[in-house]
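As structure tokens, the structure follows; a few thoughts come after it.
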Number of protein chains: 2
Amino acid sequence: MLEGYRGSALQSLLQINADIGDLIEIEKNGNTYKGILMPSYSPYDDIIVIKLDNGYNIGVSIASAKIKLIKKKSESRKETQEVSKSTKSEIKIISTGGTIVSKIEYETGAVRPALSTEDIIKFMPEINNIAKISAEILFAILSENMTPEHWVKIAEAVKRAFKEGNEGVVIAHGTDTMAYTASALAFSLKLPGPVVLVGSQRSSDRPSSDAAINLYSSVLLAKKAPFGEVVINMHGESSDTYTLAHRGVKVRKMHTSRRDAFQSINDKPLAKVEWKENKVEILRSDYIPKRDEVEEDAKFDTHVFLLKYYPGLTPDILEYLMEKKIRGVILEGTGLGHVATSFVDYIKKMTKDGVFVGMTSQCLFGRVNMNVYTTGRLLQEAGVVPLEDILPEVAIVKLMWVLAHESDQEKVKKLMLTNLVGEINPRHSLDFFPRWNYD
Amino acid sequence: MLEGYRGSALQSLLQINADIGDLIEIEKNGNTYKGILMPSYSPYDDIIVIKLDNGYNIGVSIASAKIKLIKKKSESRKETQEVSKSTKSEIKIISTGGTIVSKIEYETGAVRPALSTEDIIKFMPEINNIAKISAEILFAILSENMTPEHWVKIAEAVKRAFKEGNEGVVIAHGTDTMAYTASALAFSLKLPGPVVLVGSQRSSDRPSSDAAINLYSSVLLAKKAPFGEVVINMHGESSDTYTLAHRGVKVRKMHTSRRDAFQSINDKPLAKVEWKENKVEILRSDYIPKRDEVEEDAKFDTHVFLLKYYPGLTPDILEYLMEKKIRGVILEGTGLGHVATSFVDYIKKMTKDGVFVGMTSQCLFGRVNMNVYTTGRLLQEAGVVPLEDILPEVAIVKLMWVLAHESDQEKVKKLMLTNLVGEINPRHSLDFFPRWNYD
């Protein structure tokens, strides 16, 4: 089945009896390209797509090119399977879905989760050189459908993986809500090794996919990193130079489509992975060290609400939340941590009723400070808790976790202000703010 | 009244009979500092704070320094008043409140809006060299209390200012919701000259205040810029080198406290102001040109809601919004523009009932694309309108404006997708994404 191939490309491939997954060689203009034949989604009839050794997919026009079959897929698959079957694994890849394990729907051009992690390993046999790999398909959902119940299942799977003796865990995950899951796991797990969340911004059967490199460097990181932390490991630049491992509670998807969309906010990444040299460079010494045993405590109370403030928003939304028996609200306020003073009386009533109300900033960068302006002080008097530099998205996940573990209002407040896993950065550097390049 | 001065600094000032606002000269270690005496908030007894000619405040220790009174405040005030009284102004400064016109509450250390724009001009007489200035105190509120009704009043004041013959308008505004007001004005006004919103991140009586420079360069911009657009003009870097004029519908406050907190998202600034050289550098040619006459059409329907999606959010919030007779919802979805598929049926019901539902991305950078993934296509079938690269904060303001002008659902949709004042950027450059500097 030569998926997607037509015209002259199809004919050439049929002539050499090549199939998707076979190792082939293309000679053209003095250059030789060797790689695994991939399905084609090119609009052109003469393009053959192969995955190179370096994990990158390229499309080559067969015009004036010579192509040769090097090895059938069946042979390489046998090798992979032998490795997978070998007794005990060192790194476990848990697949939850997302683009990194997706393929394109032919009819519509849209992407659906489909390929298993083992399929990915098949396309990326080099991973087996890093560590003994095992794979588990936990579920296959697009990450916008991830819920706190899924977080619990992932945390349990991570626990199992470490109990089985793995040194590290890689979680293939959709990028949309990957940062939320990373926070949820960070609050829920005490770890004897790295937990690396990884995804891709281009599906793995597209020539420009970042899936292979991200996965490869994540396995490398899970094997070599000295920390017991949850990180997100994705492209560090839009080109395939290196990946960055961001602390799970200090990272945000900052672009809809760029491969380097994930960036640390108010923080530095923990590690840089130079995948070409199989090198993991640790960028900071203040990581959470590995523990002897894994501990899992994944519980989330979803009786919370993340309310983003904007001019024109009226406080009656808070009345609705009270009726819904909400236990906590994260305000995504303006600037240093403000909402209109018309909210003060409503908030006072809420906090008196035992509802936790925490303040974060829609600026994202910087720290809330509710002592500078009158409004901030009024809100604090009404019981609003300024949440330092915790990101709004992290604060809502932390609140779900805290409320599932504490009911006493003072203890909830204390836990929310306790720096559990690095979600609060007490020291900001000027460098944390990125540079806009307008020229 | 030598506000804030104690100890040796107070004694030295009393000896030369200096008051706040007087022009004084400090000679120290061979250097001479001439400037206007400012209130002191220094914790040290020996520091004198003056505002230099370049608009920057410095604190000088009087140890081994000689100080001299050059001119009493009363004399310079007379000059300023003469200028303000002169027949017709060229630039009008409308003051709405915010840090730029604030002072510190002595008892609490918190900041309250207090100083009038005329007070600022008093501290910054150089502004009168740029253009004939007039000032209006429209209101004095912290910008977190700004509402759509205030937007209408500001738009009307801008209209009046141009009708009076002014060439440009500067609006002093709190930074918290300045970007929302900028969008509201951009949609409401057709302009014969620049409308420059300006604020400060440090109050004007603090030594590190950016108030004077931002105000000075904003008057410069209002006088010299060739466009008929609403812009936000603030520090371009954390140091006092230059300011940048960002298109009002493409800018966001990206840091809680930095002076260069305002940055263009998915866009380039319109102009750079080299205030030291009195130079306005126009950075792009695709600005909206000046019109002959001002037109104002400020109406806003606040029956809208900005809903930020996160895992654990359930669609019953949409039922509440339906009960509240909401006319439009802006979703701040994940990634390319997604929410959980559990929302699809609720949204279908809403759009069928005539509610507009638009999609933006919480990534902020990049463009929504709801054709890539199954969820995106399902949401579109349910009637969700993908809003290109419009920022969530701009989309909610635009929706308020559009719904106040249109009731037909198809026309609302068409207007939301029409690029009215540059809120949609059809072409993104790779440079738009800032660079994180982790090393």
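Chain labels follow the order of the structure tokens: the first chain is A, the next B, and so on; residue numbering restarts at 1 in every chain, and ligands are counted from 1 in their shown order.
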Considering only C-alpha atoms, extract the chain B residues located within 6 Å of chain A and return them as a PDB file with all heavy atoms, in the first residue's frame.
ATOM      1  N   ALA B 110       0.490  53.055  49.299  1.00  0.00           N
ATOM      2  CA  ALA B 110      -0.211  52.668  48.071  1.00  0.00           C
ATOM      3  C   ALA B 110      -0.384  53.883  47.166  1.00  0.00           C
ATOM      4  O   ALA B 110      -0.186  55.021  47.584  1.00  0.00           O
ATOM      5  CB  ALA B 110      -1.559  52.067  48.402  1.00  0.00           C
ATOM      6  N   VAL B 111      -0.745  53.626  45.927  1.00  0.00           N
ATOM      7  CA  VAL B 111      -0.819  54.688  44.931  1.00  0.00           C
ATOM      8  C   VAL B 111      -2.283  55.005  44.597  1.00  0.00           C
ATOM      9  O   VAL B 111      -3.087  54.104  44.443  1.00  0.00           O
ATOM     10  CB  VAL B 111      -0.074  54.268  43.639  1.00  0.00           C
ATOM     11  CG1 VAL B 111      -0.155  55.365  42.592  1.00  0.00           C
ATOM     12  CG2 VAL B 111       1.377  53.947  43.947  1.00  0.00           C
ATOM     13  N   GLU B 144      -8.556  49.574  36.238  1.00  0.00           N
ATOM     14  CA  GLU B 144      -9.312  48.334  36.450  1.00  0.00           C
ATOM     15  C   GLU B 144     -10.798  48.643  36.659  1.00  0.00           C
ATOM     16  O   GLU B 144     -11.639  47.758  36.561  1.00  0.00           O
ATOM     17  CB  GLU B 144      -8.758  47.525  37.634  1.00  0.00           C
ATOM     18  CG  GLU B 144      -8.733  48.258  38.968  1.00  0.00           C
ATOM     19  CD  GLU B 144      -7.423  49.003  39.187  1.00  0.00           C
ATOM     20  OE1 GLU B 144      -6.775  49.348  38.188  1.00  0.00           O
ATOM     21  OE2 GLU B 144      -7.051  49.222  40.354  1.00  0.00           O
ATOM     22  N   ASN B 145     -11.119  49.901  36.924  1.00  0.00           N
ATOM     23  CA  ASN B 145     -12.518  50.285  37.084  1.00  0.00           C
ATOM     24  C   ASN B 145     -13.124  50.887  35.821  1.00  0.00           C
ATOM     25  O   ASN B 145     -14.257  51.344  35.827  1.00  0.00           O
ATOM     26  CB  ASN B 145     -12.661  51.266  38.251  1.00  0.00           C
ATOM     27  CG  ASN B 145     -12.477  50.566  39.582  1.00  0.00           C
ATOM     28  OD1 ASN B 145     -12.852  49.403  39.730  1.00  0.00           O
ATOM     29  ND2 ASN B 145     -11.874  51.247  40.543  1.00  0.00           N
ATOM     30  N   THR B 147     -15.011  50.994  32.425  1.00  0.00           N
ATOM     31  CA  THR B 147     -16.102  50.183  31.858  1.00  0.00           C
ATOM     32  C   THR B 147     -16.405  50.678  30.446  1.00  0.00           C
ATOM     33  O   THR B 147     -15.941  51.753  30.057  1.00  0.00           O
ATOM     34  CB  THR B 147     -17.384  50.326  32.700  1.00  0.00           C
ATOM     35  OG1 THR B 147     -17.820  51.698  32.611  1.00  0.00           O
ATOM     36  CG2 THR B 147     -17.161  49.971  34.164  1.00  0.00           C
ATOM     37  N   PRO B 148     -17.199  49.931  29.700  1.00  0.00           N
ATOM     38  CA  PRO B 148     -17.597  50.412  28.373  1.00  0.00           C
ATOM     39  C   PRO B 148     -18.250  51.802  28.402  1.00  0.00           C
ATOM     40  O   PRO B 148     -18.103  52.567  27.445  1.00  0.00           O
ATOM     41  CB  PRO B 148     -18.563  49.322  27.896  1.00  0.00           C
ATOM     42  CG  PRO B 148     -18.015  48.073  28.524  1.00  0.00           C
ATOM     43  CD  PRO B 148     -17.564  48.515  29.894  1.00  0.00           C
ATOM     44  N   ASP B 176      -3.498  48.985  33.368  1.00  0.00           N
ATOM     45  CA  ASP B 176      -4.160  47.686  33.534  1.00  0.00           C
ATOM     46  C   ASP B 176      -5.085  47.337  32.365  1.00  0.00           C
ATOM     47  O   ASP B 176      -5.047  46.233  31.852  1.00  0.00           O
ATOM     48  CB  ASP B 176      -4.965  47.655  34.841  1.00  0.00           C
ATOM     49  CG  ASP B 176      -4.142  47.127  35.994  1.00  0.00           C
ATOM     50  OD1 ASP B 176      -2.958  47.484  36.072  1.00  0.00           O
ATOM     51  OD2 ASP B 176      -4.677  46.347  36.812  1.00  0.00           O
ATOM     52  N   LYS B 253      -0.556  44.139  27.452  1.00  0.00           N
ATOM     53  CA  LYS B 253       0.334  44.338  28.596  1.00  0.00           C
ATOM     54  C   LYS B 253       0.872  42.959  28.969  1.00  0.00           C
ATOM     55  O   LYS B 253       0.123  42.102  29.442  1.00  0.00           O
ATOM     56  CB  LYS B 253      -0.427  44.973  29.764  1.00  0.00           C
ATOM     57  CG  LYS B 253       0.460  45.311  30.954  1.00  0.00           C
ATOM     58  CD  LYS B 253      -0.293  46.033  32.076  1.00  0.00           C
ATOM     59  CE  LYS B 253       0.646  46.340  33.237  1.00  0.00           C
ATOM     60  NZ  LYS B 253      -0.024  47.059  34.333  1.00  0.00           N
ATOM     61  N   MET B 254       2.167  42.752  28.762  1.00  0.00           N
ATOM     62  CA  MET B 254       2.740  41.418  28.894  1.00  0.00           C
ATOM     63  C   MET B 254       3.561  41.237  30.164  1.00  0.00           C
ATOM     64  O   MET B 254       4.179  40.196  30.352  1.00  0.00           O
ATOM     65  CB  MET B 254       3.613  41.094  27.670  1.00  0.00           C
ATOM     66  CG  MET B 254       2.854  40.921  26.374  1.00  0.00           C
ATOM     67  SD  MET B 254       1.638  39.553  26.422  1.00  0.00           S
ATOM     68  CE  MET B 254       2.719  38.116  26.378  1.00  0.00           C
ATOM     69  N   HIS B 255       3.621  42.247  31.008  1.00  0.00           N
ATOM     70  CA  HIS B 255       4.379  42.100  32.246  1.00  0.00           C
ATOM     71  C   HIS B 255       3.702  42.939  33.329  1.00  0.00           C
ATOM     72  O   HIS B 255       3.195  44.020  33.041  1.00  0.00           O
ATOM     73  CB  HIS B 255       5.835  42.539  32.050  1.00  0.00           C
ATOM     74  CG  HIS B 255       6.770  42.040  33.099  1.00  0.00           C
ATOM     75  ND1 HIS B 255       6.833  42.597  34.365  1.00  0.00           N
ATOM     76  CD2 HIS B 255       7.657  41.010  33.099  1.00  0.00           C
ATOM     77  CE1 HIS B 255       7.735  41.935  35.075  1.00  0.00           C
ATOM     78  NE2 HIS B 255       8.247  40.966  34.342  1.00  0.00           N
ATOM     79  N   THR B 256       3.708  42.441  34.559  1.00  0.00           N
ATOM     80  CA  THR B 256       3.007  43.159  35.621  1.00  0.00           C
ATOM     81  C   THR B 256       3.706  44.469  35.995  1.00  0.00           C
ATOM     82  O   THR B 256       3.047  45.408  36.429  1.00  0.00           O
ATOM     83  CB  THR B 256       2.905  42.290  36.900  1.00  0.00           C
ATOM     84  OG1 THR B 256       4.219  41.936  37.327  1.00  0.00           O
ATOM     85  CG2 THR B 256       2.095  41.033  36.653  1.00  0.00           C
ATOM     86  N   LYS B 268       3.837  44.347  14.131  1.00  0.00           N
ATOM     87  CA  LYS B 268       4.949  45.261  14.394  1.00  0.00           C
ATOM     88  C   LYS B 268       4.405  46.591  14.889  1.00  0.00           C
ATOM     89  O   LYS B 268       3.311  46.988  14.490  1.00  0.00           O
ATOM     90  CB  LYS B 268       5.714  45.534  13.084  1.00  0.00           C
ATOM     91  CG  LYS B 268       6.853  44.594  12.802  1.00  0.00           C
ATOM     92  CD  LYS B 268       7.537  44.964  11.514  1.00  0.00           C
ATOM     93  CE  LYS B 268       8.509  46.127  11.687  1.00  0.00           C
ATOM     94  NZ  LYS B 268       9.522  46.133  10.593  1.00  0.00           N
ATOM     95  N   THR B 302     -22.824  44.994  26.304  1.00  0.00           N
ATOM     96  CA  THR B 302     -22.038  44.175  27.239  1.00  0.00           C
ATOM     97  C   THR B 302     -22.667  42.801  27.500  1.00  0.00           C
ATOM     98  O   THR B 302     -22.228  42.091  28.400  1.00  0.00           O
ATOM     99  CB  THR B 302     -21.854  44.917  28.580  1.00  0.00           C
ATOM    100  OG1 THR B 302     -23.135  45.261  29.093  1.00  0.00           O
ATOM    101  CG2 THR B 302     -21.014  46.172  28.405  1.00  0.00           C
ATOM    102  N   PRO B 311      -8.912  22.346  31.129  1.00  0.00           N
ATOM    103  CA  PRO B 311      -9.433  20.999  31.407  1.00  0.00           C
ATOM    104  C   PRO B 311     -10.162  20.987  32.745  1.00  0.00           C
ATOM    105  O   PRO B 311      -9.643  21.523  33.745  1.00  0.00           O
ATOM    106  CB  PRO B 311      -8.174  20.132  31.464  1.00  0.00           C
ATOM    107  CG  PRO B 311      -7.138  20.884  30.711  1.00  0.00           C
ATOM    108  CD  PRO B 311      -7.438  22.333  30.956  1.00  0.00           C
ATOM    109  N   GLY B 312     -11.327  20.425  32.771  1.00  0.00           N
ATOM    110  CA  GLY B 312     -12.137  20.423  33.978  1.00  0.00           C
ATOM    111  C   GLY B 312     -13.308  21.389  33.871  1.00  0.00           C
ATOM    112  O   GLY B 312     -14.282  21.269  34.615  1.00  0.00           O
ATOM    113  N   THR B 334      -7.806  26.422  23.377  1.00  0.00           N
ATOM    114  CA  THR B 334      -6.428  25.944  23.415  1.00  0.00           C
ATOM    115  C   THR B 334      -5.887  25.850  21.990  1.00  0.00           C
ATOM    116  O   THR B 334      -6.654  25.720  21.028  1.00  0.00           O
ATOM    117  CB  THR B 334      -6.348  24.564  24.079  1.00  0.00           C
ATOM    118  OG1 THR B 334      -7.151  23.650  23.319  1.00  0.00           O
ATOM    119  CG2 THR B 334      -6.869  24.615  25.505  1.00  0.00           C
ATOM    120  N   GLY B 335      -4.580  25.909  21.856  1.00  0.00           N
ATOM    121  CA  GLY B 335      -3.892  25.660  20.593  1.00  0.00           C
ATOM    122  C   GLY B 335      -4.489  26.392  19.398  1.00  0.00           C
ATOM    123  O   GLY B 335      -4.686  27.609  19.424  1.00  0.00           O
ATOM    124  N   LEU B 336      -4.782  25.655  18.368  1.00  0.00           N
ATOM    125  CA  LEU B 336      -5.281  26.238  17.127  1.00  0.00           C
ATOM    126  C   LEU B 336      -6.734  26.688  17.218  1.00  0.00           C
ATOM    127  O   LEU B 336      -7.297  27.192  16.241  1.00  0.00           O
ATOM    128  CB  LEU B 336      -5.121  25.228  15.975  1.00  0.00           C
ATOM    129  CG  LEU B 336      -3.685  24.938  15.534  1.00  0.00           C
ATOM    130  CD1 LEU B 336      -3.623  23.677  14.681  1.00  0.00           C
ATOM    131  CD2 LEU B 336      -3.112  26.122  14.752  1.00  0.00           C
ATOM    132  N   VAL B 339     -11.950  23.616  22.176  1.00  0.00           N
ATOM    133  CA  VAL B 339     -12.442  23.334  23.522  1.00  0.00           C
ATOM    134  C   VAL B 339     -12.855  21.865  23.484  1.00  0.00           C
ATOM    135  O   VAL B 339     -12.909  21.259  22.408  1.00  0.00           O
ATOM    136  CB  VAL B 339     -13.632  24.235  23.928  1.00  0.00           C
ATOM    137  CG1 VAL B 339     -13.218  25.703  23.986  1.00  0.00           C
ATOM    138  CG2 VAL B 339     -14.799  24.062  22.962  1.00  0.00           C
ATOM    139  N   ALA B 340     -13.166  21.286  24.635  1.00  0.00           N
ATOM    140  CA  ALA B 340     -13.548  19.871  24.669  1.00  0.00           C
ATOM    141  C   ALA B 340     -14.771  19.631  23.782  1.00  0.00           C
ATOM    142  O   ALA B 340     -15.645  20.492  23.679  1.00  0.00           O
ATOM    143  CB  ALA B 340     -13.840  19.443  26.105  1.00  0.00           C
ATOM    144  N   CYS B 363      -2.964  30.742  23.391  1.00  0.00           N
ATOM    145  CA  CYS B 363      -1.535  30.830  23.069  1.00  0.00           C
ATOM    146  C   CYS B 363      -1.126  32.291  22.838  1.00  0.00           C
ATOM    147  O   CYS B 363       0.038  32.635  22.996  1.00  0.00           O
ATOM    148  CB  CYS B 363      -1.216  30.040  21.801  1.00  0.00           C
ATOM    149  SG  CYS B 363      -1.466  28.276  21.958  1.00  0.00           S
ATOM    150  N   PHE B 365      -0.001  34.070  20.609  1.00  0.00           N
ATOM    151  CA  PHE B 365       0.751  34.189  19.364  1.00  0.00           C
ATOM    152  C   PHE B 365       0.234  33.166  18.352  1.00  0.00           C
ATOM    153  O   PHE B 365      -0.097  32.042  18.719  1.00  0.00           O
ATOM    154  CB  PHE B 365       2.243  33.975  19.599  1.00  0.00           C
ATOM    155  CG  PHE B 365       2.884  35.059  20.406  1.00  0.00           C
ATOM    156  CD1 PHE B 365       2.991  34.951  21.783  1.00  0.00           C
ATOM    157  CD2 PHE B 365       3.376  36.201  19.798  1.00  0.00           C
ATOM    158  CE1 PHE B 365       3.589  35.950  22.539  1.00  0.00           C
ATOM    159  CE2 PHE B 365       3.972  37.213  20.550  1.00  0.00           C
ATOM    160  CZ  PHE B 365       4.077  37.087  21.917  1.00  0.00           C
ATOM    161  N   GLY B 366       0.259  33.567  17.092  1.00  0.00           N
ATOM    162  CA  GLY B 366      -0.186  32.672  16.033  1.00  0.00           C
ATOM    163  C   GLY B 366      -1.644  32.913  15.693  1.00  0.00           C
ATOM    164  O   GLY B 366      -2.259  33.863  16.172  1.00  0.00           O
ATOM    165  N   VAL B 372      -7.641  21.874  10.926  1.00  0.00           N
ATOM    166  CA  VAL B 372      -6.582  20.878  11.037  1.00  0.00           C
ATOM    167  C   VAL B 372      -7.053  19.635  11.794  1.00  0.00           C
ATOM    168  O   VAL B 372      -6.783  18.515  11.389  1.00  0.00           O
ATOM    169  CB  VAL B 372      -5.333  21.484  11.724  1.00  0.00           C
ATOM    170  CG1 VAL B 372      -4.227  20.441  11.846  1.00  0.00           C
ATOM    171  CG2 VAL B 372      -4.831  22.696  10.951  1.00  0.00           C
ATOM    172  N   TYR B 373      -7.755  19.839  12.890  1.00  0.00           N
ATOM    173  CA  TYR B 373      -8.134  18.719  13.743  1.00  0.00           C
ATOM    174  C   TYR B 373      -9.653  18.509  13.740  1.00  0.00           C
ATOM    175  O   TYR B 373     -10.424  19.443  13.501  1.00  0.00           O
ATOM    176  CB  TYR B 373      -7.655  18.944  15.185  1.00  0.00           C
ATOM    177  CG  TYR B 373      -6.159  18.931  15.287  1.00  0.00           C
ATOM    178  CD1 TYR B 373      -5.440  20.111  15.245  1.00  0.00           C
ATOM    179  CD2 TYR B 373      -5.459  17.727  15.383  1.00  0.00           C
ATOM    180  CE1 TYR B 373      -4.054  20.106  15.329  1.00  0.00           C
ATOM    181  CE2 TYR B 373      -4.078  17.715  15.456  1.00  0.00           C
ATOM    182  CZ  TYR B 373      -3.384  18.901  15.426  1.00  0.00           C
ATOM    183  OH  TYR B 373      -2.015  18.887  15.481  1.00  0.00           O
ATOM    184  N   PRO B 434       8.614  36.532  19.939  1.00  0.00           N
ATOM    185  CA  PRO B 434       9.818  37.057  20.604  1.00  0.00           C
ATOM    186  C   PRO B 434      10.811  35.942  20.900  1.00  0.00           C
ATOM    187  O   PRO B 434      10.482  34.759  20.838  1.00  0.00           O
ATOM    188  CB  PRO B 434       9.272  37.665  21.890  1.00  0.00           C
ATOM    189  CG  PRO B 434       8.018  36.918  22.180  1.00  0.00           C
ATOM    190  CD  PRO B 434       7.445  36.528  20.844  1.00  0.00           C
ATOM    191  N   ARG B 435      12.016  36.336  21.226  1.00  0.00           N
ATOM    192  CA  ARG B 435      13.079  35.362  21.552  1.00  0.00           C
ATOM    193  C   ARG B 435      13.252  35.282  23.055  1.00  0.00           C
ATOM    194  O   ARG B 435      13.485  36.288  23.718  1.00  0.00           O
ATOM    195  CB  ARG B 435      14.417  35.796  20.947  1.00  0.00           C
ATOM    196  CG  ARG B 435      14.564  35.454  19.488  1.00  0.00           C
ATOM    197  CD  ARG B 435      15.996  35.720  19.056  1.00  0.00           C
ATOM    198  NE  ARG B 435      16.883  34.709  19.612  1.00  0.00           N
ATOM    199  CZ  ARG B 435      17.121  33.535  19.021  1.00  0.00           C
ATOM    200  NH1 ARG B 435      16.579  33.246  17.873  1.00  0.00           N
ATOM    201  NH2 ARG B 435      17.934  32.667  19.586  1.00  0.00           N
ATOM    202  N   TRP B 436      13.163  34.084  23.569  1.00  0.00           N
ATOM    203  CA  TRP B 436      13.476  33.878  24.980  1.00  0.00           C
ATOM    204  C   TRP B 436      14.995  33.735  25.115  1.00  0.00           C
ATOM    205  O   TRP B 436      15.630  33.051  24.295  1.00  0.00           O
ATOM    206  CB  TRP B 436      12.786  32.608  25.472  1.00  0.00           C
ATOM    207  CG  TRP B 436      11.404  32.860  25.992  1.00  0.00           C
ATOM    208  CD1 TRP B 436      11.040  32.931  27.297  1.00  0.00           C
ATOM    209  CD2 TRP B 436      10.200  33.060  25.243  1.00  0.00           C
ATOM    210  NE1 TRP B 436       9.678  33.185  27.389  1.00  0.00           N
ATOM    211  CE2 TRP B 436       9.147  33.269  26.160  1.00  0.00           C
ATOM    212  CE3 TRP B 436       9.892  33.120  23.875  1.00  0.00           C
ATOM    213  CZ2 TRP B 436       7.824  33.505  25.775  1.00  0.00           C
ATOM    214  CZ3 TRP B 436       8.587  33.361  23.481  1.00  0.00           C
ATOM    215  CH2 TRP B 436       7.573  33.548  24.431  1.00  0.00           C
ATOM    216  N   TYR B 438      17.537  32.311  27.435  1.00  0.00           N
ATOM    217  CA  TYR B 438      17.694  31.491  28.630  1.00  0.00           C
ATOM    218  C   TYR B 438      19.146  31.406  29.107  1.00  0.00           C
ATOM    219  O   TYR B 438      19.411  30.934  30.195  1.00  0.00           O
ATOM    220  CB  TYR B 438      17.166  30.088  28.372  1.00  0.00           C
ATOM    221  CG  TYR B 438      15.677  30.019  28.117  1.00  0.00           C
ATOM    222  CD1 TYR B 438      15.179  29.424  26.973  1.00  0.00           C
ATOM    223  CD2 TYR B 438      14.770  30.538  29.040  1.00  0.00           C
ATOM    224  CE1 TYR B 438      13.816  29.334  26.755  1.00  0.00           C
ATOM    225  CE2 TYR B 438      13.409  30.462  28.826  1.00  0.00           C
ATOM    226  CZ  TYR B 438      12.935  29.848  27.674  1.00  0.00           C
ATOM    227  OH  TYR B 438      11.601  29.758  27.471  1.00  0.00           O
TER     228      TYR B 438
END
Residues within 8 Å of Val402 in chain A, only C-alpha atoms, excluding chain neighbours under 5 positions, as a PyMOL selection string: chain A and resi 300+412+415-416
Same residues, N, CA, C and O atoms, saved as a CSV table (one decimal), in the first residue's frame:
chain,number,residue,atom,x,y,z
A,300,PHE,N,-8.4,15.4,42.3
A,300,PHE,CA,-8.7,16.8,41.9
A,300,PHE,C,-10.2,17.1,42.1
A,300,PHE,O,-11.0,16.3,41.8
A,412,VAL,N,-6.0,25.6,53.1
A,412,VAL,CA,-6.0,25.7,51.6
A,412,VAL,C,-5.2,26.9,51.2
A,412,VAL,O,-4.3,26.8,50.3
A,415,LEU,N,-1.5,26.2,51.7
A,415,LEU,CA,-0.9,25.3,50.6
A,415,LEU,C,-0.8,26.0,49.3
A,415,LEU,O,0.2,25.8,48.6
A,416,MET,N,-1.8,26.9,49.0
A,416,MET,CA,-1.7,27.6,47.7
A,416,MET,C,-0.5,28.5,47.7
A,416,MET,O,0.0,28.8,46.6
Every residue of range 197-370 of chain A that DSSP places in alpha helix (DSSP H), as number ranges by chain: A: 211-224, 316-323, 344-352
CA of Leu331 in chain B to CA of Asp353 in chain B, straight-line distance in Å: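 Going from CA of Asp353 in chain B over to CA of Leu331 in chain B, I get 17.2 Å.
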Length of the CA of Ile232 in chain B to CA of Gly199 in chain B vector [Å]: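 Separation between CA of Ile232 in chain B and CA of Gly199 in chain B: 8.6 Å.
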Contact residues around Thr241 in chain B with only C-alpha atoms at 12 Å, ignoring same-chain residues under 6 positions, as a list in words: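 In the requested form, the answer reads Asn54, Gly55, Tyr56, Asp210, Ile213, Asn214, Ser217, Met234, His235, Arg259, Asp260, Lys272, Val273, Glu274, Trp275, Lys276 and Glu277 of chain B.
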Residues flagged strand (DSSP E) by DSSP in range 235-420 of chain A, as an NGL selection string: :A and (235 or 243-247 or 251-253 or 262-264 or 271-274 or 279-282 or 295-296 or 304-308 or 328-333 or 356-361 or 385-386)
Atomic distance CA of Gly98 in chain A - CA of Leu197 in chain A, expressed in Å with one decimal: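 Separating CA of Gly98 in chain A from CA of Leu197 in chain A is a distance of 11.5 Å.
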Spatial neighbours of Ile94 in chain A, 8 Å, only C-alpha atoms, chain gap at least 5 places, as a ChimeraX atom specification: /A:117,135-138,157,169-172
Shortest interatomic distance to Ile154 in chain A - which of A:Ser89, A:Phe139, A:Gly35, A:Ser134, counting only C-alpha atoms: A:Phe139
